[in-house]
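To start, the structure itself, in structure tokens.
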Amino acid sequence: MNAKTRRLVAASLVAVTTTAVLAGCGAADGGSGAEGGVLKLWTHNAGNAAEYDVVEKVVNDFNAGQSKYKVEIEAFPQGSYNDAVVASSSSKKLPCILDVDGPNVPNWAWGGYLAPLELSGGEVPLDDQLPSTVGKYQDKVYAFGFYDVALTMFARKSVLAEHGIRVPTPDQPWTRAEFAAALADLKASGKFEHPLEMGTGGSGEWWPYAYSPQLQSFGGDLVDRSSYKTAEGALNGPEALDWAKWFRSLVTDGYMAQKSGSSPNDDFLNGKSAIEWDGSWDAAKNVEKLGDDLLILPPVDFGRGPKIGGASWQWAMSAHCAKPEGARAFLEFTRKTKYFTEFAKATGTIPATDAAAAQIPGYEPGGRYESFVRSARDFAVVRPVTPAYPYLASVFEKTAKDIVAGAEPEAALDEAVKQIDANLKLNDFYAG
Amino acid sequence: MTAAVPPLPRPRRARGGTLSTARRREGVIAIGMAGPAVLLLLVFFVIPVGLAFALAFTSARLISPTPARFVGLRNFAMLAEDPVFLRSVLNTFAFAAVVVPVQAGLALGLALLVNGRFRGTNFFRTVYFIPVVTSMVVVSIVWTFLYRKDGLLNRIIDAVTFGHVQGPDWLNDPSTSLAAIVFMSVWQGAGFHMIIWLAGLQTIPAELHEAASIDGVSRWTRFRFVTWPGLRATRTFVLITITISAFSLFTQVNVMTQGGPLDSTTTLVYQAVRSGYQQQQTAYASAISLVFFVLVLIVSLVQRHLTREKD
């Protein structure tokens, strides 16, 4: 080997090792003064300044209050958050503390991402929380959230009065017949091309979140929850078929757009629709725009009582955490009424405890948004507690979209059940 | 003299040595040069592709507590019975069958137009090329608005026909959705291939055109017997690149229709992504990718065969 070749080989070696070292540095935890070590925390709030600020405040309070552990935040945009978690889990590099969307808790617990919390301390006991804000799987608590959101119907008092439509209450929600009559009246007035705004232009989790509660109010469900081994009868029984036909009829009767616009809430505020099926997150904006004319209505009772979906973002501990006692200490530290209050205030959501609700204007008893708390407590159904949920959600979204677009309801539901059952069987019913 | 004897064989040995050393040195240099590229190709192409092929025969999932195991052809058997997959194959082929000739033809037409010497050539070249440099996601979102029931396109139809024709809800009607995506994709992609055609057109020697015009042939004859044969290599390139990009249709579908309504716009790549990520079925998605790879390979081989030099 002459000098030139040697130099070339040496240069190549240097290049390769530098790359490896650089890659290694990226993976290694930076050292710090804390004796117990650094705890990484991941959140989906990179694009969500209000909530991120609260996360940052809680972490700063924790870091300042003790010297054993130091929590470090890493924020991701919501759109790529789940991908980041899945990717780092396959390389066993999950952070100690992470947040998780409620319906994904069973999937991540089953997949070995999350560790059971086994919390012992904390100011606020878990029992004080709205049930939908505690993420459980196989009788173990894996996550808890500081808030929940609620589905609701928004309408204008003046519009309902003009058409002689009764204003429903949580104790006396609209029945299916009343709702149908109201839509018919509104449509007949000629003022609304589509009197009902259901947000059918959305996609992803919105579909199972928004429409599976209606299916449940009819008496159907995404899966048979007694066994979680089949969707037969739940998703293609007579009740589900009834729901599917009703859902499609909203389009054929001209009550609802097959695919609504990209900003359904603005369409409602601009008077394009009379009744909007939406989430509590838009309430503050609507109150601001419409003032006293805004009605916040409970969901329609299609037979089995009004239903809404439960569970929003929650906090959990990863199974790869090297210092579980540190992660537990942090999570217990966060369980203070003041943090429940601050999270809910910052995000405009329903606080997970009554004590926090009492401190937020509008959510106190008799307040403007009290009905959300009531809905979250009385009408919320958590999405099926099974690791199969992401699959169920994906199949349901496609099936519901097909039905709205005019697919034959019976065939569409049967196909969905066939796919779900095949997937459950293929994965040994997600045992383990 | 004793000192003079030994040097004699040395040069011979040395010469032989220099030769083999030189060859070895060249080899080492070659490895050193190719090394980085080969390494990157291995890590980011060969290994993933190999993994995808291997995963297609297992039960691998994106999230699972149990390790993947070998399941033979199970995923392919499931594919054969999956109506959405079959529909995806059909849609993908239908899309390619329309897009390849239309986009290539339109691009050639545009190239011929802007190949002339007149004022504003560069302006038109730029205008036709703008959609290409615009992100496909942005283009898709904008066209989603244009295609709405009360969107620009339907307003134009309404105005032009004095209200006699009502445009459909383009993307929400199973009978028009794929056509709408085809139209928009051709519009977006044609500019790129226009540039390729243009490059081809400019390699044709001007003397040939001059000779043809001296002979007084018609424009069509000149195109048929001078321009067209001169574009042989460009033609093959355009054909194959459009075909491959048409087969991998994904972004437009993902942004505009998510495969709907009623599976009218679902494609192979869209289904692979949906099963792999949304539904966490890594192995099934790998099987779709493998089928996709084989289909594209077959089509490319057929095209290579048809466009080969026939001497």
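By order in the structure tokens, chains are A, B, ...; within a chain, residues start at 1; ligands start at 1, following the order shown.
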Report task. Name the residues of stretch 111-204 of chain B that fall into helix (DSSP H, G or I) according to DSSP on the backbone, using the chain letters and numbers of this document, as number ranges by chain. Result -> B: 111-115, 121-133, 136-146, 152-160, 170-172, 177-203
Should the cut-off be 6 Å, what would the residue list for chain A against chain B look like, counting only C-alpha atoms, as a short mmCIF file (atom, residue, chain, number, x, y, z; two decimals) with N, CA and C atoms, in the first residue's frame?
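Written file, iface_7.cif:
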```cif
data_model
loop_
_atom_site.label_atom_id
_atom_site.label_comp_id
_atom_site.auth_asym_id
_atom_site.auth_seq_id
_atom_site.Cartn_x
_atom_site.Cartn_y
_atom_site.Cartn_z
N GLY A 111 -48.63 -3.55 23.40
CA GLY A 111 -47.40 -3.61 22.61
C GLY A 111 -46.14 -3.49 23.46
N GLY A 112 -46.32 -3.31 24.78
CA GLY A 112 -45.15 -3.24 25.65
C GLY A 112 -44.49 -1.87 25.67
N TYR A 391 -56.98 -0.54 14.53
CA TYR A 391 -57.52 -1.25 13.36
C TYR A 391 -59.03 -1.00 13.25
N ASP A 402 -67.89 5.13 3.29
CA ASP A 402 -68.54 4.43 2.19
C ASP A 402 -70.06 4.55 2.30
N ALA A 405 -71.28 7.80 1.33
CA ALA A 405 -71.15 7.99 -0.11
C ALA A 405 -72.12 7.12 -0.90
#
```
Query raised in the report: With distances taken over only C-alpha atoms, which of A:Gln419, A:Ser217, A:Ser120, A:Ser312 is nearest to A:Pro351?
Result: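 Smallest distance to A:Pro351 is found for A:Ser312.
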Report task. Can you pull out every residue within 7 Å of stretch 194-199 of chain A, counting only C-alpha atoms, but drop anything in the same chain fewer than 2 positions away, and send it as a PyMOL selection string? Result -> chain A and resi 183+186-187+192+201-202+254-257+260+264+273-277
With C-alpha atoms retained, could you export that selection as a PDB file, in the first residue's frame?
```pdb
ATOM      1  CA  LEU A 183     -84.261  18.813  10.491  1.00  0.00           C
ATOM      2  CA  LEU A 186     -85.247  23.580   9.027  1.00  0.00           C
ATOM      3  CA  LYS A 187     -84.762  22.154   5.555  1.00  0.00           C
ATOM      4  CA  PHE A 192     -80.224  26.176   4.785  1.00  0.00           C
ATOM      5  CA  GLY A 201     -65.154  16.662   5.623  1.00  0.00           C
ATOM      6  CA  GLY A 202     -62.833  15.592   8.426  1.00  0.00           C
ATOM      7  CA  GLY A 254     -80.386  16.853   1.934  1.00  0.00           C
ATOM      8  CA  TYR A 255     -79.942  17.483   5.671  1.00  0.00           C
ATOM      9  CA  MET A 256     -76.184  16.995   5.681  1.00  0.00           C
ATOM     10  CA  ALA A 257     -73.352  17.399   3.167  1.00  0.00           C
ATOM     11  CA  SER A 260     -68.608  19.201   4.418  1.00  0.00           C
ATOM     12  CA  PRO A 264     -67.347  23.424   9.502  1.00  0.00           C
ATOM     13  CA  SER A 273     -76.002  25.415   8.951  1.00  0.00           C
ATOM     14  CA  ALA A 274     -78.491  25.504  11.819  1.00  0.00           C
ATOM     15  CA  ILE A 275     -77.188  22.687  14.007  1.00  0.00           C
ATOM     16  CA  GLU A 276     -73.560  21.663  14.311  1.00  0.00           C
ATOM     17  CA  TRP A 277     -72.239  18.395  15.722  1.00  0.00           C
TER      18      TRP A 277
END
```
Query raised in the report: When distances are computed from only C-alpha atoms, which of A:Pro168, A:Pro103, A:Pro213, A:Pro95 shows the smallest separation from A:Ala115?
Result: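 Of the candidates, the smallest distance to A:Ala115 is held by A:Pro95.
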Query - Residue among B:Leu239, B:Val255, B:Ala285, B:Val89 lying closest to B:Trp143, counting only C-alpha atoms - result: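 Of the candidates, the smallest distance to B:Trp143 is held by B:Val255.
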**Report entry** Selection near B:Gly116, 12 Å with only C-alpha atoms, sequence-local residues under 5 positions removed, as a ChimeraX atom specification
**Finding:** /B:109-111,121-122,124-125,198,201-202
